[in-house]
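Below is one structure, written out as structure tokens, with a few remarks after it.
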Amino acid sequence: MPLSERIQALIEEIEGESLPLGILDITLYRDDLTTLAYQPIVHKTEVPFNLEGKKVILIDDVLYTGRTVRAALDALMDMGRPAQIQLAVLIDRGHRELPIRADYVGKNVPTSHKEIISVEVKEIDGKDSVLILEKVE
Amino acid sequence: MINWQRKDLLGLQDLTADEIKLILDTAGPMKEILFRPIKKVPVLRGKTIVTMFYEPSTRTRTSFELAGKYLSADTVNLAMSTSSVQKGESLKDTALTIEAMGADILIMRHEATGAPHFMAKTVSSRVINAGDGMHEHPTQALLDMFTIMEKKGSIEGLSVAILGDILHSRVARSNIWGLTKLGAKVKVVGPRTLLPEQFRQLGVETYYSVEEAIKDVDVINVLRLQRERQKKGLLPSMREYSRLYCLTRERLKLAKPDALVLHPGPMNRGIEIASDVADGLQAAIEEQVTNGVAVRMAILYLLMGGNRDEVAA
């Protein structure tokens with residue numbers, strides 16, 4: 001979320017245009033709900049504008065299997081018919097399980113499945129950092 | 001935040017405050033779906049919901065059915081008056097039959113207290129109590145609480161009056177359990193014959209005068225006078241009831257100026273609530289109906305959590 005706010009602010013600074021910003025919660029579109037023991041918390045989706053015929057940029061911090069993006073695409077399609085959807089991510093860590101790629105990538109970071117990428121942002125964590133951590137089994 | 005771990009939703013009496021909050025917090029995002037051009041999300045795709053209503057109902061049954069459809073579940077309504085129940089089939093056999101057909105969630109209303117609890121023990125399908133006798137109607141209380149949260153921001157510290165036929169009301173009981181758990185002060189008010197003193201044991205104040213009870217309250221929940229449940233002798237006449245207990249504009253002035261008026265419906269206009277109050281700015285009765293769908297979507301979602309069978313055992 002802070003990432004998209006920053007991009008929105010930068011676009012406004014450079015282009016002089018303020019783009020509408022929405023939040024998408026993709027919980028209800030996940031494909032792994034039957035494999036989880038408990039239902040994940042559902043958060044608010046706020047897309048207070050019409051997507052019909054718009055160019056939409058989907059922003060996420062980390063691109064991994066591509067399943068979250070698939071869910072997000074389905075959620076977006078249910079809200080209207082955008083002219084185009086592009087994908088921007090801060091980190092692409094590989095290991096795609098679906099035919100999905102990003103249009104804009106901050107940095108490609110090769111990882112193994114045993115690792116976790118942790119993105120911290122100033123607005124929430126007090127500092128900007130991207131860490132590669134070892135998964136605790 | 002906690003996880004939802006129960007198989008069934010049978011009542012608010014045995015839920016924790018955190019469990020109630022989880023349902024209310026989940027209902028918020030569900031409500032947003034109702035205002036989309038395409039009111040459907042795929043989360044319960046391939047799940048089957050069966051409603052079994054042994055007592056008449058339009059809004060609760062329809063609300064559950066729509067909630068299920070908005071989440072992409074398949075919903076089937078059993079009209080119990082035309083089913084095998086009429087041929088003498090027992091509750092248990094009916095339930096086992098429906099379970100064998102692959103129902104994932106059974107939604108049940110029954111005139112006997114505890115019928116959904118019995119059902120929950122009998123079948124492995126999830127069971128939701130949509131009203132059992134004079135006992136509980138948890139989803140109605142949850143939608144009332146959700147409406148209060150939306151209008152007042154929080155439930156803790158609020159003063160809530162429940163007005164009317166307390167004795168016969170499962171809505172009152174569920175509201176009392178839910179509201180007190182979330183820290184509201186609850187006052188119940190009605191005629192002596194419809195308000196047994198034992199209600200004080202539930203941690204509420206009892207009143208026989210509307211004027212006294214609703215003074216400075218934040219919320220008034222007006223109950224339907226259940227004419228079908230009245231036994232002889234409890235009420236002298238409808239007219240007297242309405243003269244003493246109807247929520248009129250004059251009486252409403254005694255509550256806080258921004259007091260919220262709720263009614264679970266269907267309304268007996270002019271008996272328990274005056275028409276101008278029901279249609280007034282302080283009433284959120286129509287919004288309660290919308291919120292009812294959102295709350296039921298939240299419950300259906302939470303109950304259908306993944307691999308529960310293995311976890312719960």
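Following the order of the structure tokens, chains are lettered A, B, ..., residues in each are numbered from 1, and ligands are numbered from 1.
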
request  = Could you list the residues in chain B lying within 9 Å of chain A, using only C-alpha atoms, and format the result as a PyMOL selection string?
outcome  = chain B and resi 1-5+22+25-30+32-33+36-44+71+301-308+310-311

If DSSP is run on the backbone, what residues of chain A are alpha helix (DSSP H)? A reply as a PDB file with N, CA, C and O atoms, in the first residue's frame would be ideal.
ATOM      1  N   PRO A   2       1.834   1.402   0.926  1.00  0.00           N
ATOM      2  CA  PRO A   2       2.691   2.597   0.888  1.00  0.00           C
ATOM      3  C   PRO A   2       3.431   2.709  -0.448  1.00  0.00           C
ATOM      4  O   PRO A   2       3.655   3.820  -0.929  1.00  0.00           O
ATOM      5  N   LEU A   3       3.775   1.561  -1.046  1.00  0.00           N
ATOM      6  CA  LEU A   3       4.468   1.597  -2.340  1.00  0.00           C
ATOM      7  C   LEU A   3       3.608   2.288  -3.385  1.00  0.00           C
ATOM      8  O   LEU A   3       4.075   3.145  -4.140  1.00  0.00           O
ATOM      9  N   SER A   4       2.326   1.930  -3.428  1.00  0.00           N
ATOM     10  CA  SER A   4       1.457   2.518  -4.436  1.00  0.00           C
ATOM     11  C   SER A   4       1.220   4.001  -4.163  1.00  0.00           C
ATOM     12  O   SER A   4       1.120   4.805  -5.085  1.00  0.00           O
ATOM     13  N   GLU A   5       1.162   4.355  -2.877  1.00  0.00           N
ATOM     14  CA  GLU A   5       1.013   5.780  -2.552  1.00  0.00           C
ATOM     15  C   GLU A   5       2.233   6.573  -3.006  1.00  0.00           C
ATOM     16  O   GLU A   5       2.123   7.688  -3.507  1.00  0.00           O
ATOM     17  N   ARG A   6       3.413   5.957  -2.854  1.00  0.00           N
ATOM     18  CA  ARG A   6       4.633   6.650  -3.290  1.00  0.00           C
ATOM     19  C   ARG A   6       4.646   6.821  -4.804  1.00  0.00           C
ATOM     20  O   ARG A   6       5.015   7.874  -5.315  1.00  0.00           O
ATOM     21  N   ILE A   7       4.256   5.756  -5.504  1.00  0.00           N
ATOM     22  CA  ILE A   7       4.246   5.838  -6.969  1.00  0.00           C
ATOM     23  C   ILE A   7       3.228   6.881  -7.427  1.00  0.00           C
ATOM     24  O   ILE A   7       3.487   7.688  -8.313  1.00  0.00           O
ATOM     25  N   GLN A   8       2.089   6.893  -6.746  1.00  0.00           N
ATOM     26  CA  GLN A   8       1.069   7.894  -7.075  1.00  0.00           C
ATOM     27  C   GLN A   8       1.623   9.318  -6.888  1.00  0.00           C
ATOM     28  O   GLN A   8       1.454  10.177  -7.757  1.00  0.00           O
ATOM     29  N   ALA A   9       2.328   9.528  -5.776  1.00  0.00           N
ATOM     30  CA  ALA A   9       2.882  10.853  -5.500  1.00  0.00           C
ATOM     31  C   ALA A   9       3.940  11.233  -6.534  1.00  0.00           C
ATOM     32  O   ALA A   9       3.991  12.378  -6.995  1.00  0.00           O
ATOM     33  N   LEU A  10       4.773  10.249  -6.913  1.00  0.00           N
ATOM     34  CA  LEU A  10       5.830  10.533  -7.900  1.00  0.00           C
ATOM     35  C   LEU A  10       5.231  10.864  -9.267  1.00  0.00           C
ATOM     36  O   LEU A  10       5.709  11.778  -9.952  1.00  0.00           O
ATOM     37  N   ILE A  11       4.210  10.131  -9.657  1.00  0.00           N
ATOM     38  CA  ILE A  11       3.566  10.411 -10.943  1.00  0.00           C
ATOM     39  C   ILE A  11       2.973  11.821 -10.929  1.00  0.00           C
ATOM     40  O   ILE A  11       3.091  12.576 -11.885  1.00  0.00           O
ATOM     41  N   GLU A  12       2.400  12.181  -9.798  1.00  0.00           N
ATOM     42  CA  GLU A  12       1.823  13.520  -9.690  1.00  0.00           C
ATOM     43  C   GLU A  12       2.920  14.584  -9.788  1.00  0.00           C
ATOM     44  O   GLU A  12       2.756  15.608 -10.451  1.00  0.00           O
ATOM     45  N   GLU A  13       4.065  14.297  -9.153  1.00  0.00           N
ATOM     46  CA  GLU A  13       5.177  15.242  -9.157  1.00  0.00           C
ATOM     47  C   GLU A  13       5.721  15.419 -10.573  1.00  0.00           C
ATOM     48  O   GLU A  13       5.994  16.530 -11.017  1.00  0.00           O
ATOM     49  N   ILE A  14       5.852  14.298 -11.278  1.00  0.00           N
ATOM     50  CA  ILE A  14       6.486  14.349 -12.598  1.00  0.00           C
ATOM     51  C   ILE A  14       5.502  14.755 -13.692  1.00  0.00           C
ATOM     52  O   ILE A  14       5.792  15.597 -14.534  1.00  0.00           O
ATOM     53  N   GLU A  15       4.322  14.184 -13.648  1.00  0.00           N
ATOM     54  CA  GLU A  15       3.359  14.404 -14.731  1.00  0.00           C
ATOM     55  C   GLU A  15       2.324  15.487 -14.402  1.00  0.00           C
ATOM     56  O   GLU A  15       1.569  15.920 -15.262  1.00  0.00           O
ATOM     57  N   ARG A  67       0.392 -16.502  -8.055  1.00  0.00           N
ATOM     58  CA  ARG A  67      -0.989 -16.837  -7.698  1.00  0.00           C
ATOM     59  C   ARG A  67      -1.751 -15.647  -7.122  1.00  0.00           C
ATOM     60  O   ARG A  67      -2.965 -15.519  -7.328  1.00  0.00           O
ATOM     61  N   THR A  68      -1.073 -14.805  -6.375  1.00  0.00           N
ATOM     62  CA  THR A  68      -1.730 -13.600  -5.855  1.00  0.00           C
ATOM     63  C   THR A  68      -2.146 -12.695  -7.008  1.00  0.00           C
ATOM     64  O   THR A  68      -3.255 -12.149  -7.022  1.00  0.00           O
ATOM     65  N   VAL A  69      -1.265 -12.564  -8.008  1.00  0.00           N
ATOM     66  CA  VAL A  69      -1.581 -11.721  -9.159  1.00  0.00           C
ATOM     67  C   VAL A  69      -2.766 -12.293  -9.922  1.00  0.00           C
ATOM     68  O   VAL A  69      -3.668 -11.569 -10.330  1.00  0.00           O
ATOM     69  N   ARG A  70      -2.807 -13.607 -10.068  1.00  0.00           N
ATOM     70  CA  ARG A  70      -3.944 -14.255 -10.739  1.00  0.00           C
ATOM     71  C   ARG A  70      -5.243 -13.899 -10.013  1.00  0.00           C
ATOM     72  O   ARG A  70      -6.241 -13.510 -10.634  1.00  0.00           O
ATOM     73  N   ALA A  71      -5.209 -14.001  -8.683  1.00  0.00           N
ATOM     74  CA  ALA A  71      -6.398 -13.670  -7.886  1.00  0.00           C
ATOM     75  C   ALA A  71      -6.760 -12.197  -8.064  1.00  0.00           C
ATOM     76  O   ALA A  71      -7.943 -11.849  -8.211  1.00  0.00           O
ATOM     77  N   ALA A  72      -5.765 -11.347  -8.073  1.00  0.00           N
ATOM     78  CA  ALA A  72      -6.013  -9.909  -8.224  1.00  0.00           C
ATOM     79  C   ALA A  72      -6.619  -9.598  -9.589  1.00  0.00           C
ATOM     80  O   ALA A  72      -7.514  -8.760  -9.710  1.00  0.00           O
ATOM     81  N   LEU A  73      -6.137 -10.285 -10.616  1.00  0.00           N
ATOM     82  CA  LEU A  73      -6.682 -10.065 -11.965  1.00  0.00           C
ATOM     83  C   LEU A  73      -8.166 -10.448 -12.000  1.00  0.00           C
ATOM     84  O   LEU A  73      -8.993  -9.721 -12.544  1.00  0.00           O
ATOM     85  N   ASP A  74      -8.493 -11.580 -11.383  1.00  0.00           N
ATOM     86  CA  ASP A  74      -9.897 -12.005 -11.344  1.00  0.00           C
ATOM     87  C   ASP A  74     -10.751 -10.993 -10.581  1.00  0.00           C
ATOM     88  O   ASP A  74     -11.865 -10.672 -10.986  1.00  0.00           O
ATOM     89  N   ALA A  75     -10.213 -10.508  -9.465  1.00  0.00           N
ATOM     90  CA  ALA A  75     -10.954  -9.535  -8.663  1.00  0.00           C
ATOM     91  C   ALA A  75     -11.190  -8.264  -9.468  1.00  0.00           C
ATOM     92  O   ALA A  75     -12.299  -7.714  -9.469  1.00  0.00           O
ATOM     93  N   LEU A  76     -10.172  -7.803 -10.177  1.00  0.00           N
ATOM     94  CA  LEU A  76     -10.305  -6.590 -10.989  1.00  0.00           C
ATOM     95  C   LEU A  76     -11.355  -6.762 -12.079  1.00  0.00           C
ATOM     96  O   LEU A  76     -12.183  -5.893 -12.312  1.00  0.00           O
ATOM     97  N   MET A  77     -11.307  -7.917 -12.735  1.00  0.00           N
ATOM     98  CA  MET A  77     -12.242  -8.187 -13.833  1.00  0.00           C
ATOM     99  C   MET A  77     -13.684  -8.170 -13.349  1.00  0.00           C
ATOM    100  O   MET A  77     -14.596  -7.857 -14.110  1.00  0.00           O
ATOM    101  N   LYS A 122       9.161   2.577   5.288  1.00  0.00           N
ATOM    102  CA  LYS A 122       9.232   3.628   6.305  1.00  0.00           C
ATOM    103  C   LYS A 122       7.879   3.892   6.953  1.00  0.00           C
ATOM    104  O   LYS A 122       7.772   4.037   8.161  1.00  0.00           O
ATOM    105  N   GLU A 123       6.827   3.941   6.125  1.00  0.00           N
ATOM    106  CA  GLU A 123       5.516   4.330   6.629  1.00  0.00           C
ATOM    107  C   GLU A 123       4.990   3.369   7.692  1.00  0.00           C
ATOM    108  O   GLU A 123       4.235   3.761   8.575  1.00  0.00           O
ATOM    109  N   ILE A 124       5.393   2.094   7.602  1.00  0.00           N
ATOM    110  CA  ILE A 124       4.879   1.111   8.552  1.00  0.00           C
ATOM    111  C   ILE A 124       5.975   0.651   9.513  1.00  0.00           C
ATOM    112  O   ILE A 124       5.783   0.580  10.723  1.00  0.00           O
ATOM    113  N   ASP A 125       7.159   0.357   8.961  1.00  0.00           N
ATOM    114  CA  ASP A 125       8.212  -0.264   9.778  1.00  0.00           C
ATOM    115  C   ASP A 125       9.278   0.736  10.247  1.00  0.00           C
ATOM    116  O   ASP A 125      10.203   0.363  10.954  1.00  0.00           O
TER     117      ASP A 125
END

request  = Any chance you could list, as a ChimeraX atom specification, the residues in region 46-135 of chain A that come up strand (DSSP E or B) when DSSP is run on the backbone?
outcome  = /A:46,55-63,84-92,104-108,115-120,129-134

request  = Select, from A:Gly66, A:Gly94, A:Gly53, A:Leu87, the residue with the minimum atom-to-atom distance to Ser112 (chain A), counting only C-alpha atoms.
outcome  =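 Result for the nearest residue to Ser112 (chain A): A:Gly94.
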
Using only C-alpha atoms, determine which residues lie at most 6 Å from Val89 (chain A), disregarding the query and same-chain residues fewer than 5 positions distant; provide the list as an mmCIF file with N, CA and C atoms, in the first residue's frame.
data_model
loop_
_atom_site.group_PDB
_atom_site.id
_atom_site.type_symbol
_atom_site.label_atom_id
_atom_site.label_comp_id
_atom_site.auth_asym_id
_atom_site.auth_seq_id
_atom_site.Cartn_x
_atom_site.Cartn_y
_atom_site.Cartn_z
ATOM 1 N N ILE A 59 -0.089 -2.996 -8.359
ATOM 2 C CA ILE A 59 1.197 -2.863 -7.674
ATOM 3 C C ILE A 59 1.268 -3.836 -6.502
ATOM 4 N N ASP A 60 2.372 -4.572 -6.402
ATOM 5 C CA ASP A 60 2.574 -5.472 -5.263
ATOM 6 C C ASP A 60 4.042 -5.399 -4.866
ATOM 7 N N ASP A 61 4.336 -5.814 -3.633
ATOM 8 C CA ASP A 61 5.737 -5.705 -3.224
ATOM 9 C C ASP A 61 6.593 -6.819 -3.815
ATOM 10 N N VAL A 62 6.139 -8.071 -3.689
ATOM 11 C CA VAL A 62 6.954 -9.198 -4.152
ATOM 12 C C VAL A 62 6.170 -10.066 -5.136
ATOM 13 N N VAL A 105 9.728 -3.940 -12.927
ATOM 14 C CA VAL A 105 10.338 -4.652 -11.802
ATOM 15 C C VAL A 105 11.394 -3.753 -11.169
#

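Interatomic distance, CA of Leu106 (chain B) to CA of Leu167 (chain B): 27.3 Å.
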
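Using only C-alpha atoms, the smallest distance between any of A:Gly126, A:Val121, A:Ile116, A:Tyr64 and Arg93 (chain A) comes from A:Tyr64.
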
query = Between B:Gly265, B:Gly88, B:Gly164, B:Gly270, which has the minimum distance to Arg239 (chain B) (counting only C-alpha atoms)?
reply = B:Gly270

All residues 12 Å or closer to Thr97 (chain B), only C-alpha atoms, same chain fewer than 6 positions away omitted, as a list of chain:residue names =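 That gives B:Val50, B:Ser84, B:Val85, B:Glu89, B:Ser90, B:Leu91, B:Ala103, B:Leu106, B:Thr122, B:Val123, B:Ser125.
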
Residues of the last selection are to be written out with N, CA, C and O atoms, as a PDB file, in the first residue's frame.
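Contents of again-v3.pdb, freshly written:
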ATOM      1  N   VAL B  50     -27.887 -25.675   2.447  1.00  0.00           N
ATOM      2  CA  VAL B  50     -29.291 -26.066   2.475  1.00  0.00           C
ATOM      3  C   VAL B  50     -29.984 -25.347   3.622  1.00  0.00           C
ATOM      4  O   VAL B  50     -29.493 -25.372   4.754  1.00  0.00           O
ATOM      5  N   SER B  84     -40.771 -34.482   3.434  1.00  0.00           N
ATOM      6  CA  SER B  84     -41.071 -35.768   4.070  1.00  0.00           C
ATOM      7  C   SER B  84     -41.365 -35.640   5.561  1.00  0.00           C
ATOM      8  O   SER B  84     -41.801 -36.599   6.188  1.00  0.00           O
ATOM      9  N   VAL B  85     -41.061 -34.450   6.122  1.00  0.00           N
ATOM     10  CA  VAL B  85     -41.390 -34.232   7.523  1.00  0.00           C
ATOM     11  C   VAL B  85     -42.886 -34.480   7.727  1.00  0.00           C
ATOM     12  O   VAL B  85     -43.319 -35.021   8.731  1.00  0.00           O
ATOM     13  N   GLU B  89     -41.100 -38.119   8.982  1.00  0.00           N
ATOM     14  CA  GLU B  89     -39.655 -38.333   9.090  1.00  0.00           C
ATOM     15  C   GLU B  89     -39.109 -37.533  10.278  1.00  0.00           C
ATOM     16  O   GLU B  89     -39.499 -36.388  10.499  1.00  0.00           O
ATOM     17  N   SER B  90     -38.182 -38.134  11.020  1.00  0.00           N
ATOM     18  CA  SER B  90     -37.635 -37.444  12.189  1.00  0.00           C
ATOM     19  C   SER B  90     -36.601 -36.422  11.745  1.00  0.00           C
ATOM     20  O   SER B  90     -36.070 -36.479  10.646  1.00  0.00           O
ATOM     21  N   LEU B  91     -36.327 -35.487  12.657  1.00  0.00           N
ATOM     22  CA  LEU B  91     -35.327 -34.446  12.425  1.00  0.00           C
ATOM     23  C   LEU B  91     -33.995 -35.071  12.036  1.00  0.00           C
ATOM     24  O   LEU B  91     -33.335 -34.663  11.079  1.00  0.00           O
ATOM     25  N   ALA B 103     -24.591 -31.759   1.477  1.00  0.00           N
ATOM     26  CA  ALA B 103     -24.695 -30.379   1.961  1.00  0.00           C
ATOM     27  C   ALA B 103     -23.496 -30.029   2.846  1.00  0.00           C
ATOM     28  O   ALA B 103     -23.123 -30.803   3.722  1.00  0.00           O
ATOM     29  N   LEU B 106     -25.792 -26.516   6.798  1.00  0.00           N
ATOM     30  CA  LEU B 106     -27.238 -26.568   7.034  1.00  0.00           C
ATOM     31  C   LEU B 106     -27.632 -25.333   7.822  1.00  0.00           C
ATOM     32  O   LEU B 106     -27.019 -25.024   8.839  1.00  0.00           O
ATOM     33  N   THR B 122     -25.347 -34.313  15.194  1.00  0.00           N
ATOM     34  CA  THR B 122     -25.737 -35.453  14.374  1.00  0.00           C
ATOM     35  C   THR B 122     -24.988 -35.508  13.049  1.00  0.00           C
ATOM     36  O   THR B 122     -24.619 -36.578  12.575  1.00  0.00           O
ATOM     37  N   VAL B 123     -24.772 -34.345  12.427  1.00  0.00           N
ATOM     38  CA  VAL B 123     -24.186 -34.332  11.090  1.00  0.00           C
ATOM     39  C   VAL B 123     -22.805 -33.688  11.105  1.00  0.00           C
ATOM     40  O   VAL B 123     -22.483 -32.924  12.006  1.00  0.00           O
ATOM     41  N   SER B 125     -21.866 -31.820   8.572  1.00  0.00           N
ATOM     42  CA  SER B 125     -22.024 -30.516   7.924  1.00  0.00           C
ATOM     43  C   SER B 125     -22.017 -29.418   8.984  1.00  0.00           C
ATOM     44  O   SER B 125     -22.375 -29.664  10.133  1.00  0.00           O
TER      45      SER B 125
END

ask   = Quick one: residues within 7 Å of region 135-142 of chain B, only C-alpha atoms counted, chain neighbours fewer than 3 positions away excluded, as JSON, numbers by chain?
value = {"B": [11, 12, 113, 129, 130, 131, 132, 145, 146, 170, 171, 173, 174, 175, 295, 296]}

Kindly save the residues from that selection, with N, CA and C atoms included, as a PDB file, in the first residue's frame.
ATOM      1  N   GLY B  11     -25.165 -20.087  18.677  1.00  0.00           N
ATOM      2  CA  GLY B  11     -25.671 -19.012  19.519  1.00  0.00           C
ATOM      3  C   GLY B  11     -24.548 -18.097  19.950  1.00  0.00           C
ATOM      4  N   LEU B  12     -24.931 -16.972  20.564  1.00  0.00           N
ATOM      5  CA  LEU B  12     -23.902 -16.039  21.044  1.00  0.00           C
ATOM      6  C   LEU B  12     -23.535 -16.311  22.495  1.00  0.00           C
ATOM      7  N   THR B 113     -36.335 -25.280  21.144  1.00  0.00           N
ATOM      8  CA  THR B 113     -35.024 -24.874  21.633  1.00  0.00           C
ATOM      9  C   THR B 113     -34.052 -26.039  21.514  1.00  0.00           C
ATOM     10  N   ASN B 129     -27.623 -21.769  13.309  1.00  0.00           N
ATOM     11  CA  ASN B 129     -28.921 -21.593  13.938  1.00  0.00           C
ATOM     12  C   ASN B 129     -29.573 -20.313  13.409  1.00  0.00           C
ATOM     13  N   ALA B 130     -30.694 -20.467  12.738  1.00  0.00           N
ATOM     14  CA  ALA B 130     -31.419 -19.301  12.222  1.00  0.00           C
ATOM     15  C   ALA B 130     -32.627 -19.013  13.099  1.00  0.00           C
ATOM     16  N   GLY B 131     -32.564 -19.457  14.353  1.00  0.00           N
ATOM     17  CA  GLY B 131     -33.653 -19.227  15.281  1.00  0.00           C
ATOM     18  C   GLY B 131     -34.167 -20.530  15.837  1.00  0.00           C
ATOM     19  N   ASP B 132     -33.985 -20.761  17.145  1.00  0.00           N
ATOM     20  CA  ASP B 132     -34.550 -21.972  17.760  1.00  0.00           C
ATOM     21  C   ASP B 132     -35.459 -21.573  18.914  1.00  0.00           C
ATOM     22  N   MET B 145     -25.786  -5.795  16.018  1.00  0.00           N
ATOM     23  CA  MET B 145     -24.529  -5.277  16.575  1.00  0.00           C
ATOM     24  C   MET B 145     -23.670  -4.637  15.493  1.00  0.00           C
ATOM     25  N   PHE B 146     -23.686  -5.234  14.315  1.00  0.00           N
ATOM     26  CA  PHE B 146     -22.917  -4.662  13.200  1.00  0.00           C
ATOM     27  C   PHE B 146     -23.465  -3.267  12.850  1.00  0.00           C
ATOM     28  N   ARG B 170     -36.157 -14.672  21.021  1.00  0.00           N
ATOM     29  CA  ARG B 170     -34.801 -15.196  20.862  1.00  0.00           C
ATOM     30  C   ARG B 170     -33.853 -14.081  20.404  1.00  0.00           C
ATOM     31  N   VAL B 171     -34.427 -13.075  19.735  1.00  0.00           N
ATOM     32  CA  VAL B 171     -33.612 -11.926  19.320  1.00  0.00           C
ATOM     33  C   VAL B 171     -33.089 -11.204  20.559  1.00  0.00           C
ATOM     34  N   ARG B 173     -32.633 -12.461  23.606  1.00  0.00           N
ATOM     35  CA  ARG B 173     -31.619 -13.251  24.313  1.00  0.00           C
ATOM     36  C   ARG B 173     -30.271 -13.176  23.617  1.00  0.00           C
ATOM     37  N   SER B 174     -30.256 -13.357  22.309  1.00  0.00           N
ATOM     38  CA  SER B 174     -28.977 -13.315  21.593  1.00  0.00           C
ATOM     39  C   SER B 174     -28.342 -11.927  21.699  1.00  0.00           C
ATOM     40  N   ASN B 175     -29.170 -10.881  21.599  1.00  0.00           N
ATOM     41  CA  ASN B 175     -28.642  -9.525  21.735  1.00  0.00           C
ATOM     42  C   ASN B 175     -28.044  -9.290  23.116  1.00  0.00           C
ATOM     43  N   VAL B 295     -23.476  -9.768   7.194  1.00  0.00           N
ATOM     44  CA  VAL B 295     -23.099 -10.559   8.370  1.00  0.00           C
ATOM     45  C   VAL B 295     -23.196 -12.057   8.062  1.00  0.00           C
ATOM     46  N   ARG B 296     -24.230 -12.433   7.320  1.00  0.00           N
ATOM     47  CA  ARG B 296     -24.396 -13.862   6.993  1.00  0.00           C
ATOM     48  C   ARG B 296     -23.331 -14.316   6.005  1.00  0.00           C
TER      49      ARG B 296
END

request  = Have a look at CA of Gly292 (chain B) and CA of Met149 (chain B) and let me know their distance in Å, one decimal.
outcome  = 13.4 Å
